[in-house]
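Dropping entry37.cif in here (mmCIF, C-alpha atoms):
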```cif
data_work
#
loop_
_atom_site.label_atom_id
_atom_site.label_comp_id
_atom_site.auth_asym_id
_atom_site.auth_seq_id
_atom_site.Cartn_x
_atom_site.Cartn_y
_atom_site.Cartn_z
CA MET A 26 71.46 4.57 -67.99
CA LEU A 27 74.95 5.29 -69.48
CA ILE A 28 77.42 2.48 -70.14
CA ASP A 29 81.08 3.29 -69.65
CA ALA A 30 82.85 2.77 -72.98
CA LYS A 31 86.03 1.90 -71.19
CA ALA A 32 84.45 -1.02 -69.28
CA PRO A 33 85.43 -4.52 -70.46
CA LYS A 34 83.24 -6.14 -73.08
CA PRO A 35 81.81 -8.86 -70.80
CA THR A 36 80.73 -6.18 -68.36
CA ARG A 37 79.17 -4.07 -71.11
CA ARG A 38 77.37 -7.14 -72.44
CA LEU A 39 75.93 -7.97 -68.95
CA ILE A 40 74.70 -4.44 -68.43
CA GLY A 41 72.96 -4.48 -71.78
CA VAL A 42 71.17 -7.72 -70.93
CA MET A 43 69.97 -6.20 -67.67
CA LEU A 44 68.64 -3.11 -69.48
CA ILE A 45 66.72 -5.24 -71.92
CA SER A 46 65.22 -7.34 -69.08
CA VAL A 47 64.09 -4.26 -67.16
CA THR A 48 62.54 -2.84 -70.33
CA LEU A 49 60.63 -6.09 -70.93
CA LEU A 50 59.42 -6.25 -67.34
CA VAL A 51 58.12 -2.68 -67.49
CA ALA A 52 56.40 -3.33 -70.78
CA CYS A 53 54.73 -6.51 -69.48
CA ALA A 54 53.53 -5.02 -66.18
CA PRO A 55 49.70 -4.90 -66.00
CA GLU A 56 48.06 -1.53 -66.04
CA PRO A 57 46.49 -0.49 -62.68
CA VAL A 58 42.72 -1.21 -62.46
CA GLU A 59 40.64 1.76 -61.38
CA GLU A 60 38.23 0.82 -58.55
CA PRO A 61 34.53 1.41 -59.29
CA LYS A 62 32.95 4.35 -57.52
CA LEU A 63 30.00 3.51 -55.21
CA PRO A 64 26.85 5.66 -55.52
CA LEU A 65 26.23 8.18 -52.74
CA VAL A 66 22.99 7.92 -50.77
CA PRO A 67 21.49 10.53 -48.35
CA ALA A 68 21.70 9.66 -44.62
CA ILE A 69 20.42 11.21 -41.42
CA GLN A 70 21.14 10.51 -37.75
CA VAL A 71 17.98 8.95 -36.24
CA ALA A 72 18.85 9.35 -32.59
CA ASP A 73 21.78 10.01 -30.37
CA PRO A 74 22.29 6.91 -28.15
CA GLU A 75 23.88 9.05 -25.48
CA SER A 76 20.74 11.13 -25.12
CA LEU A 77 18.63 8.05 -24.27
CA SER A 78 20.55 7.47 -21.05
CA GLU A 79 20.11 11.11 -20.05
CA ARG A 80 16.33 11.47 -20.48
CA LEU A 81 14.61 13.21 -17.57
CA PHE A 82 11.05 12.37 -16.54
CA PRO A 83 8.97 14.27 -13.98
CA GLY A 84 7.90 12.28 -10.94
CA ARG A 85 6.71 12.51 -7.36
CA ALA A 86 7.85 10.62 -4.28
CA ARG A 87 5.35 9.45 -1.69
CA ALA A 88 5.35 7.19 1.34
CA GLY A 89 4.40 3.56 0.88
CA GLN A 90 1.85 3.91 3.71
CA GLU A 91 0.01 7.17 4.28
CA VAL A 92 -3.31 7.59 6.07
CA ASN A 93 -5.62 10.16 7.62
CA LEU A 94 -6.68 8.96 11.07
CA SER A 95 -10.18 9.72 12.37
CA PHE A 96 -12.41 8.63 15.24
CA ARG A 97 -15.35 6.27 14.76
CA VAL A 98 -17.33 8.22 17.39
CA SER A 99 -17.81 11.92 18.12
CA GLY A 100 -16.86 13.87 21.23
CA PRO A 101 -14.60 16.54 22.76
CA LEU A 102 -10.89 15.97 22.18
CA ILE A 103 -9.05 15.74 25.52
CA GLU A 104 -5.68 14.37 24.45
CA LEU A 105 -3.47 15.09 21.42
CA PRO A 106 0.03 14.17 22.59
CA PHE A 107 1.87 14.27 19.27
CA ASN A 108 2.84 17.23 17.09
CA VAL A 109 3.89 17.48 13.45
CA GLY A 110 7.23 15.76 12.96
CA ASP A 111 6.89 13.42 15.96
CA GLU A 112 7.54 9.72 15.47
CA VAL A 113 4.97 7.21 16.72
CA LYS A 114 4.93 3.44 17.13
CA ALA A 115 2.17 1.07 16.08
CA GLY A 116 -0.44 0.95 18.86
CA ASP A 117 0.42 4.33 20.37
CA VAL A 118 -2.57 6.48 21.36
CA VAL A 119 -2.26 9.51 19.10
CA ALA A 120 -5.54 11.16 20.19
CA ARG A 121 -8.35 10.60 22.71
CA ILE A 122 -11.81 12.02 23.21
CA ASP A 123 -13.74 12.22 26.49
CA PRO A 124 -15.13 8.69 27.03
CA GLN A 125 -17.51 9.51 29.90
CA ASP A 126 -20.71 9.56 27.83
CA TYR A 127 -19.84 6.21 26.30
CA ILE A 128 -18.95 4.74 29.69
CA ASN A 129 -22.36 5.82 30.98
CA ALA A 130 -24.01 4.18 27.97
CA LEU A 131 -22.07 0.99 28.68
CA ASP A 132 -23.21 0.99 32.30
CA ALA A 133 -26.82 1.42 31.21
CA ALA A 134 -26.55 -1.41 28.68
CA THR A 135 -24.93 -3.66 31.28
CA GLY A 136 -27.76 -2.97 33.75
CA SER A 137 -30.37 -3.74 31.09
CA LEU A 138 -28.60 -7.00 30.29
CA GLU A 139 -28.66 -8.04 33.93
CA LYS A 140 -32.42 -7.36 34.13
CA ALA A 141 -33.02 -9.31 30.93
CA GLN A 142 -31.00 -12.22 32.27
CA ALA A 143 -33.03 -12.20 35.48
CA LYS A 144 -36.30 -12.27 33.54
CA ALA A 145 -34.98 -15.05 31.34
CA ARG A 146 -34.12 -17.16 34.40
CA GLN A 147 -37.57 -16.54 35.87
CA ALA A 148 -39.30 -17.39 32.59
CA ALA A 149 -37.26 -20.58 32.24
CA ALA A 150 -38.16 -21.58 35.82
CA ASP A 151 -41.88 -20.91 35.22
CA TYR A 152 -41.85 -23.00 32.07
CA GLY A 153 -40.06 -25.90 33.82
CA ARG A 154 -42.50 -25.77 36.74
CA ILE A 155 -45.67 -25.80 34.65
CA LEU A 156 -44.25 -28.51 32.44
CA ASN A 157 -43.63 -30.73 35.48
CA VAL A 158 -47.16 -30.07 36.74
CA PHE A 159 -48.60 -31.08 33.39
CA LYS A 160 -46.56 -34.30 33.38
CA GLU A 161 -47.72 -35.24 36.91
CA ASP A 162 -51.34 -34.20 36.46
CA PRO A 163 -52.40 -33.23 32.93
CA GLY A 164 -55.68 -31.91 34.27
CA ALA A 165 -54.00 -29.48 36.63
CA THR A 166 -53.03 -27.17 33.77
CA SER A 167 -53.65 -26.67 30.07
CA GLU A 168 -51.54 -26.88 26.98
CA THR A 169 -52.34 -23.25 26.36
CA ALA A 170 -50.67 -22.28 29.63
CA ILE A 171 -47.65 -24.35 28.66
CA ASP A 172 -47.44 -22.60 25.27
CA LEU A 173 -47.65 -19.19 26.92
CA THR A 174 -44.87 -19.92 29.40
CA ARG A 175 -42.73 -21.39 26.61
CA ALA A 176 -43.24 -18.22 24.54
CA ALA A 177 -42.30 -16.06 27.54
CA ARG A 178 -39.14 -18.09 28.04
CA ASP A 179 -38.12 -17.79 24.37
CA SER A 180 -38.88 -14.07 24.34
CA SER A 181 -36.77 -13.46 27.44
CA GLN A 182 -33.88 -15.39 25.94
CA ALA A 183 -34.10 -13.28 22.77
CA ALA A 184 -34.06 -10.14 24.93
CA VAL A 185 -30.87 -11.37 26.59
CA ARG A 186 -29.20 -11.85 23.21
CA THR A 187 -30.27 -8.36 22.17
CA MET A 188 -28.89 -6.79 25.33
CA ARG A 189 -25.62 -8.68 24.99
CA SER A 190 -25.25 -7.17 21.54
CA ALA A 191 -26.01 -3.72 22.97
CA VAL A 192 -23.36 -4.20 25.66
CA GLN A 193 -20.81 -5.25 23.02
CA THR A 194 -21.63 -2.15 20.95
CA ALA A 195 -21.25 0.09 24.01
CA GLU A 196 -17.89 -1.50 24.83
CA ASP A 197 -16.73 -0.94 21.26
CA LYS A 198 -17.68 2.73 21.44
CA VAL A 199 -15.69 3.15 24.64
CA SER A 200 -12.65 1.65 22.90
CA TYR A 201 -13.22 3.94 19.90
CA THR A 202 -12.59 6.99 22.08
CA SER A 203 -8.86 6.21 21.84
CA LEU A 204 -7.27 6.66 18.41
CA ARG A 205 -4.22 4.45 17.88
CA ALA A 206 -1.48 4.45 15.23
CA PRO A 207 -1.91 1.51 12.82
CA PHE A 208 1.82 1.41 11.99
CA ASP A 209 5.16 3.01 12.86
CA GLY A 210 5.36 6.43 11.25
CA VAL A 211 5.65 10.18 11.49
CA VAL A 212 2.90 12.74 12.10
CA VAL A 213 2.95 15.08 9.10
CA GLU A 214 -0.24 17.09 9.67
CA THR A 215 -2.94 17.69 12.29
CA PHE A 216 -6.49 18.76 11.53
CA ALA A 217 -7.88 19.45 15.03
CA GLU A 218 -6.92 21.24 18.23
CA ASN A 219 -7.00 19.81 21.71
CA PHE A 220 -10.34 20.30 23.59
CA GLU A 221 -12.09 20.76 20.26
CA THR A 222 -15.19 18.67 19.56
CA VAL A 223 -14.45 16.29 16.72
CA ILE A 224 -16.95 14.52 14.50
CA ALA A 225 -16.79 10.83 13.67
CA LYS A 226 -14.92 10.01 10.42
CA GLU A 227 -13.43 13.52 10.17
CA PRO A 228 -9.58 13.44 9.94
CA VAL A 229 -7.73 14.34 13.11
CA LEU A 230 -4.14 13.83 11.96
CA ARG A 231 -2.15 12.48 9.02
CA LEU A 232 0.40 9.70 9.48
CA LEU A 233 2.92 8.34 7.00
CA ASP A 234 5.56 5.63 7.02
CA PRO A 235 8.90 7.01 5.71
CA SER A 236 10.60 3.59 5.75
CA SER A 237 9.24 2.76 2.28
CA ILE A 238 9.08 5.38 -0.47
CA GLU A 239 7.29 5.03 -3.81
CA PHE A 240 8.12 7.11 -6.90
CA LEU A 241 5.34 7.91 -9.34
CA ILE A 242 6.84 8.74 -12.77
CA SER A 243 5.02 9.65 -15.99
CA VAL A 244 6.85 7.98 -18.91
CA PRO A 245 5.55 8.77 -22.43
CA GLU A 246 5.32 6.08 -25.09
#
```
Starting from the file, give its structure as structure tokens.
Amino acid sequence: MLIDAKAPKPTRRLIGVMLISVTLLVACAPEPVEEPKLPLVPAIQVADPESLSERLFPGRARAGQEVNLSFRVSGPLIELPFNVGDEVKAGDVVARIDPQDYINALDAATGSLEKAQAKARQAAADYGRILNVFKEDPGATSETAIDLTRAARDSSQAAVRTMRSAVQTAEDKVSYTSLRAPFDGVVVETFAENFETVIAKEPVLRLLDPSSIEFLISVPE
């Protein structure tokens, strides 16, 4: 910095003091400290978080309820009112086989039951009669005769129970000739043609419920 020689002495003296002060301040200023350098370490990217939200997994959708319907008895199919794609309600008859043979069997079982009931009534009456005779005059009959009539009564009653069971079985078979939908759904496949003879427990049609869908997905560890 140059000092003007023509300036007044007080001014020159003040400027000189300022120069000395600046020089002292510069000389006393601390030297800048160099920051230590950190060591470098190798690094790799483990995974991209964005890719986790975009993973694709193979899967398969299926109906919550899906069933193959079949008859519990065999016979010629005489009614198949629904086709593939048709909607059905729970309780609807979706197929029917000719029930005539099973109706005939029910009639026969019912007739046998009536005969057994008649014999049971007669056997019960015979046992009551001989029992009364024995009470009034023990010498008029024997205990052996009483035992025989009692056995005949019990046997006839057992025959009635057996025939009642046969009638119930025949009635069930008649009801089995109609195949009903167990739930609301859609017919997706048929396995038999109308007027074809179907075998018991062989699928006739496939029914599914589209109101509830399940997704089966394979997710690796």
Residue IDs satisfying the PyMOL selection byres ((chain A and resi 130-142) around 12), as a PyMOL selection string
chain A and resi 124-129+143-149+177-200
Between atom CA of A:Phe107 and atom CA of A:Ser237, what is the spacing in Å?
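Calculated distance between atom CA of A:Ser237 and atom CA of A:Phe107 is 21.8 Å.
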One number please: atom CA of A:Phe96 to atom CA of A:Leu233, in Å, one decimal.
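Taking atom CA of A:Phe96 as the start and atom CA of A:Leu233 as the end point, the length is 17.4 Å.
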Using only C-alpha atoms, can you tell me which of A:Ala217, A:Leu241, A:Val223, A:Ala150 comes closest to A:Asp123?
A:Val223
Within 8 Å of A:Ile171, counting only C-alpha atoms, which residues show up once you throw out same-chain ones fewer than 3 positions away? Write them as a PyMOL selection string, please.
chain A and resi 152+155-156+166-168+174-175
Next, the residues of the selection above should be written as a PDB file, keeping the file's coordinate frame with C-alpha atoms.
```pdb
ATOM      1  CA  TYR A 152     -41.850 -23.000  32.070  1.00  0.00           C
ATOM      2  CA  ILE A 155     -45.670 -25.800  34.650  1.00  0.00           C
ATOM      3  CA  LEU A 156     -44.250 -28.510  32.440  1.00  0.00           C
ATOM      4  CA  THR A 166     -53.030 -27.170  33.770  1.00  0.00           C
ATOM      5  CA  SER A 167     -53.650 -26.670  30.070  1.00  0.00           C
ATOM      6  CA  GLU A 168     -51.540 -26.880  26.980  1.00  0.00           C
ATOM      7  CA  THR A 174     -44.870 -19.920  29.400  1.00  0.00           C
ATOM      8  CA  ARG A 175     -42.730 -21.390  26.610  1.00  0.00           C
TER       9      ARG A 175
END
```
As a list of chain:residue names, please: the residues near A:Arg205 (cut-off 10 Å, all atoms listed in the file, same-chain neighbours under 4 positions excluded).
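In the requested format, the answer is A:Leu94, A:Ser95, A:Phe96, A:Val113, A:Lys114, A:Ala115, A:Gly116, A:Asp117, A:Val118, A:Val119, A:Ala120, A:Arg121, A:Tyr201.
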Check the smallest atom-to-atom distance from each of A:Asp151, A:Glu104, A:Glu214, A:Asp172 to A:Leu232 using only C-alpha atoms, then report the winner.
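That would be A:Glu214, the residue with the smallest distance to A:Leu232.
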Could you jot down the atom CA of A:Ile103 to atom CA of A:Pro207 separation for me, Å, one decimal place?
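A separation of 20.4 Å between them.
The result of the PyMOL selection byres ((chain A and resi 212) around 6) on the shown file is Val109, Gly110, Asp111, Val211, Val213, Glu214, Arg231 and Leu232 of chain A.
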